[in-house]
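Chemist: So that you have it, the file is my_file_37.tsv, and it contains TSV, C-alpha atoms:
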chain	number	residue	atom	x	y	z
F	1	MET	CA	14.72	14.86	4.22
F	2	GLU	CA	13.75	11.21	4.08
F	3	PRO	CA	10.65	10.38	2.03
F	4	ASN	CA	7.48	9.59	4.01
F	5	THR	CA	8.93	10.82	7.31
F	6	LEU	CA	8.08	14.51	7.35
F	7	ILE	CA	4.36	13.90	7.56
F	8	GLY	CA	3.25	10.52	8.77
F	9	THR	CA	0.07	8.79	7.82
F	10	ASN	CA	-1.48	9.89	11.13
F	11	TYR	CA	-1.51	13.41	9.72
F	12	THR	CA	-3.22	12.75	6.41
F	13	MET	CA	-6.22	14.86	5.58
F	14	GLY	CA	-8.93	12.33	4.97
F	15	MET	CA	-12.29	12.29	6.66
F	16	ARG	CA	-12.55	10.19	9.79
F	17	GLY	CA	-15.58	8.90	11.61
F	18	ALA	CA	-17.05	10.95	14.42
F	19	ASN	CA	-16.00	10.42	18.04
F	20	ASN	CA	-18.42	8.81	20.44
F	21	GLN	CA	-20.69	11.35	22.09
F	22	VAL	CA	-20.27	12.01	25.82
F	23	LYS	CA	-23.43	11.47	27.87
F	24	CYS	CA	-24.28	13.44	30.98
F	25	ALA	CA	-24.21	11.57	34.27
F	26	SER	CA	-27.63	12.74	35.42
F	27	THR	CA	-30.71	14.52	34.18
F	28	ALA	CA	-30.16	17.33	36.65
F	29	TRP	CA	-26.61	17.96	35.53
F	30	ALA	CA	-27.72	17.89	31.88
F	31	ALA	CA	-30.40	20.49	32.62
F	32	MET	CA	-27.85	22.72	34.33
F	33	LEU	CA	-25.44	22.36	31.43
F	34	VAL	CA	-28.09	23.27	28.86
F	35	ALA	CA	-29.15	26.25	30.94
F	36	GLY	CA	-25.56	27.43	31.19
F	37	ILE	CA	-25.04	27.20	27.46
F	38	ALA	CA	-28.29	29.05	26.83
F	39	GLN	CA	-27.10	31.88	29.09
F	40	ALA	CA	-23.71	32.06	27.41
F	41	GLN	CA	-25.14	32.08	23.89
F	42	PRO	CA	-28.83	33.00	23.51
F	43	GLN	CA	-30.66	31.22	20.72
F	44	THR	CA	-33.26	32.73	18.45
F	45	GLN	CA	-36.62	31.15	19.17
F	46	PRO	CA	-37.79	28.84	16.38
F	47	GLN	CA	-40.47	30.38	14.20
F	48	THR	CA	-43.78	28.64	13.70
F	49	GLY	CA	-44.13	27.28	10.20
F	50	TYR	CA	-40.44	27.49	9.32
F	51	PRO	CA	-39.55	28.35	6.66
F	52	ALA	CA	-41.91	31.25	6.05
F	53	LYS	CA	-39.68	33.11	3.60
F	54	PRO	CA	-36.76	32.43	1.22
F	55	ILE	CA	-33.55	30.97	2.65
F	56	LYS	CA	-30.18	32.42	1.68
F	57	MET	CA	-27.22	30.10	1.19
F	58	ILE	CA	-23.87	31.88	1.15
F	59	VAL	CA	-21.09	30.47	-1.02
F	60	GLY	CA	-17.58	31.82	-0.49
F	61	SER	CA	-16.53	31.32	-4.11
F	62	SER	CA	-17.53	32.28	-7.63
F	63	PRO	CA	-20.30	30.53	-9.59
F	64	GLY	CA	-19.19	27.26	-11.14
F	65	GLY	CA	-16.77	26.18	-8.42
F	66	GLY	CA	-17.16	23.12	-6.21
F	67	PRO	CA	-18.97	24.86	-3.32
F	68	ASP	CA	-21.31	26.62	-5.75
F	69	ILE	CA	-22.18	23.37	-7.53
F	70	MET	CA	-22.97	21.66	-4.22
F	71	ALA	CA	-24.98	24.65	-2.94
F	72	ARG	CA	-27.20	24.73	-6.01
F	73	ALA	CA	-27.79	20.98	-5.93
F	74	ILE	CA	-28.74	20.96	-2.23
F	75	GLY	CA	-30.60	24.25	-2.45
F	76	GLN	CA	-32.89	22.89	-5.12
F	77	LYS	CA	-33.78	19.89	-2.94
F	78	ILE	CA	-34.43	22.06	0.12
F	79	THR	CA	-36.68	24.25	-2.02
F	80	GLU	CA	-38.65	21.24	-3.22
F	81	ALA	CA	-39.00	19.79	0.27
F	82	LEU	CA	-39.78	22.93	2.30
F	83	GLY	CA	-41.63	25.05	-0.25
F	84	GLN	CA	-39.45	28.15	-0.01
F	85	PRO	CA	-36.74	29.11	-2.51
F	86	VAL	CA	-33.08	28.80	-1.52
F	87	VAL	CA	-31.25	31.79	-2.97
F	88	ILE	CA	-27.54	31.30	-3.66
F	89	ASP	CA	-25.44	34.28	-2.57
F	90	ASN	CA	-21.92	34.06	-4.03
F	91	ARG	CA	-19.37	36.03	-2.00
F	92	PRO	CA	-15.98	35.08	-3.46
F	93	GLY	CA	-12.66	36.32	-2.20
F	94	ALA	CA	-9.86	35.72	0.29
F	95	GLY	CA	-10.12	31.93	0.25
F	96	GLY	CA	-13.72	31.92	1.45
F	97	ILE	CA	-13.14	34.40	4.28
F	98	ILE	CA	-15.55	37.05	2.97
F	99	GLY	CA	-18.45	34.63	2.72
F	100	SER	CA	-17.62	32.93	6.01
F	101	GLU	CA	-17.50	36.22	7.94
F	102	LEU	CA	-20.86	37.25	6.49
F	103	ALA	CA	-22.44	33.92	7.42
F	104	ALA	CA	-20.98	33.99	10.94
F	105	LYS	CA	-22.46	37.45	11.60
F	106	SER	CA	-25.89	36.67	10.14
F	107	PRO	CA	-28.98	36.28	12.37
F	108	PRO	CA	-29.24	32.70	13.71
F	109	ASP	CA	-32.83	32.28	12.56
F	110	GLY	CA	-32.49	29.55	9.95
F	111	TYR	CA	-32.74	31.91	7.01
F	112	THR	CA	-28.99	32.11	6.38
F	113	LEU	CA	-26.92	29.01	5.63
F	114	MET	CA	-23.45	28.48	4.21
F	115	MET	CA	-21.97	25.88	1.93
F	116	ALA	CA	-18.60	25.45	3.62
F	117	ASN	CA	-15.58	23.48	2.47
F	118	ALA	CA	-12.32	22.20	3.89
F	119	GLY	CA	-10.52	25.35	2.81
F	120	SER	CA	-12.84	27.85	4.46
F	121	HIS	CA	-13.41	25.89	7.67
F	122	ALA	CA	-10.39	23.62	8.21
F	123	VAL	CA	-7.43	25.33	6.50
F	124	ASN	CA	-7.89	29.09	6.88
F	125	VAL	CA	-7.54	29.08	10.66
F	126	SER	CA	-3.92	27.91	10.26
F	127	LEU	CA	-3.06	30.07	7.25
F	128	TYR	CA	-4.29	33.48	8.29
F	129	PRO	CA	-2.96	35.27	11.40
F	130	ARG	CA	-6.35	36.93	11.94
F	131	LEU	CA	-9.78	35.72	10.90
F	132	GLY	CA	-13.07	37.47	11.39
F	133	TYR	CA	-14.72	34.20	12.33
F	134	ASP	CA	-14.05	31.06	14.32
F	135	PRO	CA	-14.82	27.98	12.17
F	136	VAL	CA	-16.06	26.05	15.21
F	137	ARG	CA	-17.43	28.56	17.70
F	138	ASP	CA	-19.32	30.74	15.20
F	139	PHE	CA	-21.18	28.01	13.32
F	140	ALA	CA	-23.74	25.29	13.90
F	141	PRO	CA	-23.03	22.24	11.71
F	142	VAL	CA	-26.06	20.98	9.77
F	143	SER	CA	-24.73	18.15	7.58
F	144	LEU	CA	-21.76	17.00	5.59
F	145	VAL	CA	-22.86	16.97	1.95
F	146	SER	CA	-20.12	15.35	-0.11
F	147	THR	CA	-16.46	14.45	-0.35
F	148	ALA	CA	-14.27	14.72	-3.42
F	149	PRO	CA	-10.70	13.94	-4.33
F	150	ASN	CA	-8.12	16.18	-5.84
F	151	VAL	CA	-6.35	14.70	-8.83
F	152	LEU	CA	-2.69	14.90	-9.81
F	153	ILE	CA	-2.48	15.90	-13.47
F	154	VAL	CA	0.56	16.46	-15.69
F	155	HIS	CA	1.12	17.82	-19.17
F	156	PRO	CA	0.77	15.01	-21.73
F	157	ALA	CA	4.33	15.60	-22.97
F	158	LEU	CA	5.86	14.87	-19.58
F	159	PRO	CA	7.49	11.43	-19.95
F	160	VAL	CA	5.71	9.76	-17.01
F	161	ASN	CA	2.66	7.50	-16.84
F	162	ASN	CA	2.36	6.88	-13.11
F	163	ILE	CA	3.18	8.37	-9.72
F	164	LYS	CA	6.29	6.28	-9.20
F	165	ALA	CA	7.77	7.48	-12.50
F	166	LEU	CA	6.87	11.09	-11.69
F	167	ILE	CA	8.64	10.91	-8.33
F	168	ALA	CA	11.71	9.36	-9.94
F	169	LEU	CA	11.83	12.09	-12.60
F	170	ALA	CA	11.33	14.91	-10.09
F	171	ARG	CA	14.21	13.62	-7.97
F	172	THR	CA	16.54	14.06	-10.95
F	173	ARG	CA	15.42	17.67	-11.37
F	174	PRO	CA	15.44	19.24	-7.89
F	175	GLY	CA	14.06	22.77	-7.92
F	176	GLU	CA	13.30	22.61	-11.64
F	177	MET	CA	9.80	21.16	-11.72
F	178	SER	CA	6.83	23.23	-10.62
F	179	PHE	CA	3.33	22.45	-9.43
F	180	GLY	CA	0.39	24.78	-9.86
F	181	SER	CA	-2.57	25.45	-7.59
F	182	GLY	CA	-5.61	27.69	-7.39
F	183	GLY	CA	-3.81	29.95	-4.93
F	184	ASN	CA	-1.73	30.06	-1.77
F	185	GLY	CA	-3.30	28.03	0.99
F	186	SER	CA	-5.87	26.32	-1.22
F	187	THR	CA	-6.48	22.62	-0.72
F	188	ALA	CA	-4.77	22.06	-4.07
F	189	HIS	CA	-1.71	23.91	-2.79
F	190	LEU	CA	-1.56	21.94	0.45
F	191	SER	CA	-2.24	18.67	-1.39
F	192	GLY	CA	0.85	19.49	-3.45
F	193	GLU	CA	2.86	20.34	-0.35
F	194	LEU	CA	1.85	17.05	1.23
F	195	PHE	CA	2.90	15.21	-1.94
F	196	ARG	CA	6.21	17.07	-2.04
F	197	ALA	CA	6.93	16.37	1.63
F	198	MET	CA	6.01	12.69	1.65
F	199	ALA	CA	7.91	11.98	-1.57
F	200	GLY	CA	10.93	14.03	-0.48
F	201	LEU	CA	10.83	16.28	-3.54
F	202	ASN	CA	12.02	19.82	-4.25
F	203	LEU	CA	9.09	21.25	-6.23
F	204	VAL	CA	8.35	24.92	-6.86
F	205	HIS	CA	4.82	26.12	-6.08
F	206	VAL	CA	3.17	28.40	-8.67
F	207	PRO	CA	-0.15	29.91	-7.50
F	208	PHE	CA	-2.80	30.73	-10.12
F	209	ARG	CA	-6.07	32.62	-9.78
F	210	GLY	CA	-8.36	29.69	-9.23
F	211	ALA	CA	-8.37	25.97	-10.04
F	212	PRO	CA	-9.43	26.36	-13.71
F	213	ALA	CA	-6.41	28.59	-14.33
F	214	ALA	CA	-4.11	26.01	-12.71
F	215	VAL	CA	-5.54	23.30	-14.99
F	216	ILE	CA	-4.88	25.53	-17.99
F	217	GLY	CA	-1.36	26.04	-16.65
F	218	VAL	CA	-0.75	22.29	-16.83
F	219	ALA	CA	-2.41	21.91	-20.25
F	220	SER	CA	-0.30	24.74	-21.69
F	221	GLY	CA	2.94	23.50	-20.14
F	222	GLN	CA	3.41	26.47	-17.80
F	223	VAL	CA	3.75	24.06	-14.88
F	224	ALA	CA	4.64	20.37	-14.82
F	225	LEU	CA	1.79	19.24	-12.59
F	226	ALA	CA	-1.10	20.32	-10.40
F	227	LEU	CA	-3.47	18.75	-7.89
F	228	PRO	CA	-6.81	20.54	-8.42
F	229	ASN	CA	-10.21	19.33	-7.31
F	230	LEU	CA	-11.45	16.70	-9.72
F	231	PRO	CA	-14.41	18.63	-11.24
F	232	PRO	CA	-12.42	21.44	-12.93
F	233	ALA	CA	-9.83	18.91	-14.13
F	234	LEU	CA	-12.26	16.51	-15.80
F	235	PRO	CA	-12.66	18.43	-19.10
F	236	ALA	CA	-8.88	18.60	-19.64
F	237	MET	CA	-8.55	14.93	-18.73
F	238	LYS	CA	-11.27	13.87	-21.15
F	239	SER	CA	-9.90	16.01	-23.99
F	240	GLY	CA	-6.36	14.69	-23.54
F	241	LYS	CA	-4.93	18.10	-22.65
F	242	ALA	CA	-3.85	16.77	-19.25
F	243	ARG	CA	-2.93	13.28	-18.07
F	244	ALA	CA	-4.26	12.11	-14.69
F	245	LEU	CA	-1.82	10.04	-12.66
F	246	GLY	CA	-3.69	9.62	-9.39
F	247	VAL	CA	-6.50	10.80	-7.14
F	248	THR	CA	-5.72	11.99	-3.64
F	249	THR	CA	-8.27	9.87	-1.73
F	250	LEU	CA	-7.58	6.37	-0.44
F	251	SER	CA	-10.31	4.96	-2.69
F	252	ARG	CA	-10.76	5.50	-6.40
F	253	SER	CA	-13.36	8.00	-7.51
F	254	GLY	CA	-16.57	6.85	-9.15
F	255	SER	CA	-16.21	9.80	-11.51
F	256	ALA	CA	-12.81	8.60	-12.76
F	257	PRO	CA	-12.61	4.89	-11.88
F	258	ASP	CA	-9.69	4.25	-14.23
F	259	VAL	CA	-7.45	6.69	-12.38
F	260	PRO	CA	-5.60	4.95	-9.52
F	261	THR	CA	-5.04	6.51	-6.13
F	262	ILE	CA	-1.72	8.19	-5.42
F	263	ALA	CA	-1.29	5.82	-2.47
F	264	GLU	CA	-1.65	2.69	-4.58
F	265	SER	CA	0.47	3.90	-7.47
F	266	GLY	CA	3.68	5.04	-5.85
F	267	LEU	CA	3.25	6.93	-2.57
F	268	PRO	CA	1.74	4.68	0.15
F	269	GLY	CA	-0.19	6.48	2.88
F	270	TYR	CA	-0.86	9.62	0.87
F	271	GLU	CA	-4.38	11.02	1.34
F	272	ALA	CA	-6.07	14.40	0.94
F	273	THR	CA	-9.85	14.62	0.81
F	274	ALA	CA	-11.91	17.70	0.05
F	275	TRP	CA	-15.38	18.04	1.55
F	276	TYR	CA	-18.44	20.27	1.35
F	277	GLY	CA	-21.07	20.77	4.03
F	278	VAL	CA	-23.90	23.00	5.19
F	279	LEU	CA	-23.47	25.25	8.23
F	280	ALA	CA	-25.74	27.74	9.97
F	281	PRO	CA	-24.76	30.62	12.26
F	282	ALA	CA	-24.13	29.56	15.86
F	283	GLY	CA	-27.27	29.82	17.95
F	284	THR	CA	-29.62	28.65	15.22
F	285	PRO	CA	-32.43	26.75	16.99
F	286	ARG	CA	-31.87	23.01	17.23
F	287	GLU	CA	-35.33	22.34	15.78
F	288	ILE	CA	-34.43	24.21	12.60
F	289	VAL	CA	-31.01	22.57	12.33
F	290	MET	CA	-32.56	19.11	12.61
F	291	LYS	CA	-35.31	19.94	10.10
F	292	LEU	CA	-32.74	21.04	7.56
F	293	ASN	CA	-30.53	18.06	8.37
F	294	ALA	CA	-33.36	15.60	7.77
F	295	GLU	CA	-34.13	17.04	4.34
F	296	ILE	CA	-30.49	17.26	3.28
F	297	VAL	CA	-29.70	13.69	4.34
F	298	ARG	CA	-32.87	12.39	2.69
F	299	SER	CA	-32.05	14.14	-0.58
F	300	LEU	CA	-28.49	12.81	-0.57
F	301	ARG	CA	-29.87	9.27	-0.54
F	302	THR	CA	-31.75	9.77	-3.80
F	303	ASP	CA	-30.25	8.39	-6.99
F	304	GLU	CA	-30.87	11.71	-8.71
F	305	LEU	CA	-28.67	13.75	-6.37
F	306	ARG	CA	-26.04	11.06	-5.95
F	307	GLN	CA	-25.62	10.87	-9.71
F	308	ARG	CA	-25.57	14.64	-10.05
F	309	ILE	CA	-22.80	14.94	-7.46
F	310	ALA	CA	-20.89	12.05	-9.09
F	311	ILE	CA	-20.92	13.84	-12.44
F	312	ASP	CA	-19.10	16.71	-10.77
F	313	GLY	CA	-16.49	14.40	-9.27
F	314	GLY	CA	-17.86	13.94	-5.77
F	315	ASP	CA	-19.48	11.33	-3.56
F	316	ALA	CA	-22.73	12.11	-1.74
F	317	VAL	CA	-22.44	11.53	2.01
F	318	GLY	CA	-24.80	13.16	4.52
F	319	SER	CA	-24.22	13.06	8.29
F	320	THR	CA	-25.53	14.09	11.68
F	321	PRO	CA	-24.67	17.62	12.82
F	322	GLU	CA	-22.44	16.13	15.53
F	323	ALA	CA	-20.49	13.97	13.08
F	324	PHE	CA	-19.92	16.93	10.76
F	325	GLY	CA	-18.69	19.01	13.68
F	326	THR	CA	-16.19	16.32	14.58
F	327	ILE	CA	-14.92	16.19	11.00
F	328	ILE	CA	-14.32	19.94	11.01
F	329	ARG	CA	-12.41	19.85	14.30
F	330	ASN	CA	-10.29	16.86	13.27
F	331	ASP	CA	-9.44	18.37	9.89
F	332	ILE	CA	-8.44	21.67	11.49
F	333	ALA	CA	-5.77	19.77	13.43
F	334	LYS	CA	-4.65	17.73	10.43
F	335	TRP	CA	-4.39	20.66	8.00
F	336	ALA	CA	-2.54	22.63	10.66
F	337	LYS	CA	0.26	20.05	10.62
F	338	VAL	CA	0.56	20.29	6.83
F	339	VAL	CA	0.63	24.09	6.99
F	340	LYS	CA	3.32	23.97	9.67
F	341	TYR	CA	5.54	21.58	7.76
F	342	SER	CA	5.09	23.39	4.44
F	343	GLY	CA	5.58	26.86	5.88
F	344	ALA	CA	2.57	28.08	3.89
F	345	ARG	CA	1.26	31.48	4.94
F	346	VAL	CA	-1.24	33.97	3.56
F	347	ASP	CA	-1.13	37.60	4.74
What is this structure when it is put down as structure tokens?

Modeler:
Amino acid sequence: MEPNTLIGTNYTMGMRGANNQVKCASTAWAAMLVAGIAQAQPQTQPQTGYPAKPIKMIVGSSPGGGPDIMARAIGQKITEALGQPVVIDNRPGAGGIIGSELAAKSPPDGYTLMMANAGSHAVNVSLYPRLGYDPVRDFAPVSLVSTAPNVLIVHPALPVNNIKALIALARTRPGEMSFGSGGNGSTAHLSGELFRAMAGLNLVHVPFRGAPAAVIGVASGQVALALPNLPPALPAMKSGKARALGVTTLSRSGSAPDVPTIAESGLPGYEATAWYGVLAPAGTPREIVMKLNAEIVRSLRTDELRQRIAIDGGDAVGSTPEAFGTIIRNDIAKWAKVVKYSGARVD
């Protein structure tokens, strides 16, 4: 396998801008189209004075993970703006499938939301032969919340200080060096598979139970490297228990500005970006979606929330519902190519 040929830069996993929206040719045709959609998928009528009771936000992972951190940050702002508490409902398990299925089957009345991520809504559809939800059809996008890089970390004793040196060393040890991840099919796993494929390396994947365990695996020398999300890696990086060689985004992270990108430090074209965003069940009234969108986007522009997200290794974004929907669809296609080339599967 020739380096950089298995997966071209057209298949990288970064976020792209939304496609231009298609406009209807006439008012009459638009009315017919809307009526047809309404017949195919009835919407719950918006309630006067929404919200009139607490809002539940489902998180498909345990407390303390990236989605949970984002959900609590956004939930607090929605609570302050709309006057009703946002209750975080952690439903970990099966790579976010449990929480996603619950959210998809919830009443589309604006009182159930989900903090989704690239794994639950862009990767799972390619990894699992059967899902109890469709990441596009069963959800109404509200807003992209943030993006975050993964970071390639190695044990401090490994005799490399940059990506180029790591690739050179790994090529002398085919099948001997291992990379850890938070589990089969996780974004950390596929980020590692993308790295392996583009660099033309023979690395052995070692799945752990969650990103923190994979970081510990690197710090203890169980595995040579890992590409976890930045937040769980930061403590080990700051304490010197793991050395960061590069972030997976095309731009450096504000949370670790001294760490170069993998693309600039030895593997041009490499990119893998994690994201978090708020979804509602399909059929949620447009008025409610837009009300939530306005408050989320407004809060993401505040210095307070931007700094809070930066501390946890992310960048605040915010988007229209349409733009977020386009990101999900584009990333489904891009992750699918990585899954195909890596052969990754989860039963």

Chemist: Using only C-alpha atoms, which of the listed residues (F:Pro228, F:Gly49, F:Val289, F:Ile97) sits closest to Arg130 in chain F?

Modeler: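 That would be F:Ile97, the residue with the smallest distance to Arg130 in chain F.
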
Chemist: Of the candidates F:Thr273, F:Asn330, F:Ser265, F:Thr187, which shows the shortest atom-to-atom distance to Asn161 in chain F, using all atoms listed in the file?

Modeler: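 So, comparing all the options, the nearest one is F:Ser265.
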
Chemist: In Å, how far is it from CA of Pro257 in chain F to CA of Pro67 in chain F?

Modeler: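 Going from CA of Pro257 in chain F over to CA of Pro67 in chain F, I get 22.6 Å.
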
Chemist: Which of these, F:Val346, F:Ile78, F:Ala140, F:Val339, has the shortest distance to Ala197 in chain F once you count only C-alpha atoms?

Modeler: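 Between F:Val346, F:Ile78, F:Ala140, F:Val339, the residue approaching Ala197 in chain F most closely is F:Val339.
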
Chemist: In Å, with one decimal, what is the gap from CA of Lys53 in chain F to CA of Asp138 in chain F?

Modeler: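 About the pair CA of Lys53 in chain F and CA of Asp138 in chain F: they are 23.6 Å apart.
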
Chemist: So, counting all atoms listed in the file, which residue among F:Ala168, F:Met115, F:Met177, F:Ala244 is closest to Asp68 in chain F?

Modeler: F:Met115

Chemist: Suppose you want the space between CA of Tyr133 in chain F and CA of His205 in chain F; what is it in Å?

Modeler: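 The value is 28.0 Å.
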
Chemist: Please build the interface table for range 234-294 of chain F against range 215-219 of chain F with a cut-off of 10 Å, listing for each qualifying residue the nearest atom pair and the distance in Å to one decimal; count only C-alpha atoms, order rows by chain and increasing number, and write it as a Markdown table.

Modeler:
| residue | atom | partner | partner_atom | distance |
| --- | --- | --- | --- | --- |
| F:Leu234 | CA | F:Val215 | CA | 9.6 |
| F:Pro235 | CA | F:Val215 | CA | 9.6 |
| F:Ala236 | CA | F:Ala219 | CA | 7.3 |
| F:Met237 | CA | F:Ala219 | CA | 9.4 |
| F:Gly240 | CA | F:Ala219 | CA | 8.9 |
| F:Lys241 | CA | F:Ala219 | CA | 5.2 |
| F:Ala242 | CA | F:Ala219 | CA | 5.4 |
| F:Arg243 | CA | F:Ala219 | CA | 8.9 |

Chemist: Could you give me, as a VMD selection string, the residues within 9 Å of Ala118 in chain F, counting all atoms listed in the file and dropping anything in the same chain fewer than 5 positions from it?

Modeler: chain F and resid 123 to 124 187 273 to 277 328 331 to 332

Chemist: For range 301-328 of chain F of the block above, can you save N, CA and C atoms as a PDB file, in the first residue's frame?

Modeler:
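Once everything was written out, this is out31.pdb:
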ATOM      1  N   ARG F 301     -22.166  32.603  21.299  1.00  0.00           N
ATOM      2  CA  ARG F 301     -21.424  33.816  20.964  1.00  0.00           C
ATOM      3  C   ARG F 301     -20.911  34.542  22.198  1.00  0.00           C
ATOM      4  N   THR F 302     -21.315  34.106  23.374  1.00  0.00           N
ATOM      5  CA  THR F 302     -20.865  34.769  24.597  1.00  0.00           C
ATOM      6  C   THR F 302     -19.455  34.320  24.955  1.00  0.00           C
ATOM      7  N   ASP F 303     -18.685  35.232  25.506  1.00  0.00           N
ATOM      8  CA  ASP F 303     -17.320  34.893  25.917  1.00  0.00           C
ATOM      9  C   ASP F 303     -17.319  33.797  26.970  1.00  0.00           C
ATOM     10  N   GLU F 304     -18.314  33.844  27.858  1.00  0.00           N
ATOM     11  CA  GLU F 304     -18.381  32.861  28.936  1.00  0.00           C
ATOM     12  C   GLU F 304     -18.433  31.435  28.400  1.00  0.00           C
ATOM     13  N   LEU F 305     -19.351  31.179  27.465  1.00  0.00           N
ATOM     14  CA  LEU F 305     -19.499  29.819  26.952  1.00  0.00           C
ATOM     15  C   LEU F 305     -18.364  29.441  26.020  1.00  0.00           C
ATOM     16  N   ARG F 306     -17.889  30.383  25.240  1.00  0.00           N
ATOM     17  CA  ARG F 306     -16.762  30.086  24.350  1.00  0.00           C
ATOM     18  C   ARG F 306     -15.537  29.675  25.156  1.00  0.00           C
ATOM     19  N   GLN F 307     -15.287  30.381  26.257  1.00  0.00           N
ATOM     20  CA  GLN F 307     -14.142  30.046  27.094  1.00  0.00           C
ATOM     21  C   GLN F 307     -14.336  28.719  27.807  1.00  0.00           C
ATOM     22  N   ARG F 308     -15.571  28.467  28.225  1.00  0.00           N
ATOM     23  CA  ARG F 308     -15.858  27.199  28.896  1.00  0.00           C
ATOM     24  C   ARG F 308     -15.623  26.022  27.968  1.00  0.00           C
ATOM     25  N   ILE F 309     -16.072  26.143  26.728  1.00  0.00           N
ATOM     26  CA  ILE F 309     -15.880  25.072  25.750  1.00  0.00           C
ATOM     27  C   ILE F 309     -14.396  24.926  25.404  1.00  0.00           C
ATOM     28  N   ALA F 310     -13.678  26.053  25.336  1.00  0.00           N
ATOM     29  CA  ALA F 310     -12.247  26.016  25.020  1.00  0.00           C
ATOM     30  C   ALA F 310     -11.461  25.289  26.102  1.00  0.00           C
ATOM     31  N   ILE F 311     -11.863  25.468  27.347  1.00  0.00           N
ATOM     32  CA  ILE F 311     -11.181  24.783  28.453  1.00  0.00           C
ATOM     33  C   ILE F 311     -11.256  23.277  28.278  1.00  0.00           C
ATOM     34  N   ASP F 312     -12.362  22.817  27.716  1.00  0.00           N
ATOM     35  CA  ASP F 312     -12.561  21.386  27.508  1.00  0.00           C
ATOM     36  C   ASP F 312     -12.080  20.918  26.135  1.00  0.00           C
ATOM     37  N   GLY F 313     -11.314  21.765  25.457  1.00  0.00           N
ATOM     38  CA  GLY F 313     -10.672  21.349  24.215  1.00  0.00           C
ATOM     39  C   GLY F 313     -11.463  21.556  22.956  1.00  0.00           C
ATOM     40  N   GLY F 314     -12.556  22.317  23.015  1.00  0.00           N
ATOM     41  CA  GLY F 314     -13.377  22.508  21.827  1.00  0.00           C
ATOM     42  C   GLY F 314     -13.444  23.946  21.359  1.00  0.00           C
ATOM     43  N   ASP F 315     -14.103  24.147  20.241  1.00  0.00           N
ATOM     44  CA  ASP F 315     -14.337  25.474  19.687  1.00  0.00           C
ATOM     45  C   ASP F 315     -15.832  25.661  19.508  1.00  0.00           C
ATOM     46  N   ALA F 316     -16.396  26.705  20.117  1.00  0.00           N
ATOM     47  CA  ALA F 316     -17.818  26.991  19.976  1.00  0.00           C
ATOM     48  C   ALA F 316     -18.126  27.368  18.533  1.00  0.00           C
ATOM     49  N   VAL F 317     -19.253  26.875  18.010  1.00  0.00           N
ATOM     50  CA  VAL F 317     -19.588  27.139  16.618  1.00  0.00           C
ATOM     51  C   VAL F 317     -20.983  27.752  16.491  1.00  0.00           C
ATOM     52  N   GLY F 318     -22.024  26.935  16.575  1.00  0.00           N
ATOM     53  CA  GLY F 318     -23.384  27.411  16.316  1.00  0.00           C
ATOM     54  C   GLY F 318     -23.658  27.384  14.827  1.00  0.00           C
ATOM     55  N   SER F 319     -24.913  27.086  14.436  1.00  0.00           N
ATOM     56  CA  SER F 319     -25.240  27.003  13.012  1.00  0.00           C
ATOM     57  C   SER F 319     -26.754  27.068  12.844  1.00  0.00           C
ATOM     58  N   THR F 320     -27.198  27.170  11.606  1.00  0.00           N
ATOM     59  CA  THR F 320     -28.612  27.012  11.305  1.00  0.00           C
ATOM     60  C   THR F 320     -28.945  25.520  11.362  1.00  0.00           C
ATOM     61  N   PRO F 321     -30.219  25.180  11.536  1.00  0.00           N
ATOM     62  CA  PRO F 321     -30.594  23.765  11.473  1.00  0.00           C
ATOM     63  C   PRO F 321     -30.218  23.127  10.137  1.00  0.00           C
ATOM     64  N   GLU F 322     -30.397  23.872   9.044  1.00  0.00           N
ATOM     65  CA  GLU F 322     -30.096  23.335   7.717  1.00  0.00           C
ATOM     66  C   GLU F 322     -28.610  23.039   7.553  1.00  0.00           C
ATOM     67  N   ALA F 323     -27.764  23.942   8.041  1.00  0.00           N
ATOM     68  CA  ALA F 323     -26.320  23.728   7.928  1.00  0.00           C
ATOM     69  C   ALA F 323     -25.883  22.518   8.737  1.00  0.00           C
ATOM     70  N   PHE F 324     -26.450  22.360   9.928  1.00  0.00           N
ATOM     71  CA  PHE F 324     -26.111  21.200  10.759  1.00  0.00           C
ATOM     72  C   PHE F 324     -26.550  19.909  10.076  1.00  0.00           C
ATOM     73  N   GLY F 325     -27.726  19.926   9.474  1.00  0.00           N
ATOM     74  CA  GLY F 325     -28.190  18.747   8.757  1.00  0.00           C
ATOM     75  C   GLY F 325     -27.265  18.366   7.615  1.00  0.00           C
ATOM     76  N   THR F 326     -26.743  19.345   6.926  1.00  0.00           N
ATOM     77  CA  THR F 326     -25.813  19.084   5.824  1.00  0.00           C
ATOM     78  C   THR F 326     -24.514  18.481   6.340  1.00  0.00           C
ATOM     79  N   ILE F 327     -24.033  18.983   7.478  1.00  0.00           N
ATOM     80  CA  ILE F 327     -22.822  18.439   8.082  1.00  0.00           C
ATOM     81  C   ILE F 327     -23.001  16.967   8.416  1.00  0.00           C
ATOM     82  N   ILE F 328     -24.142  16.622   8.995  1.00  0.00           N
ATOM     83  CA  ILE F 328     -24.404  15.228   9.358  1.00  0.00           C
ATOM     84  C   ILE F 328     -24.390  14.345   8.112  1.00  0.00           C
TER      85      ILE F 328
END
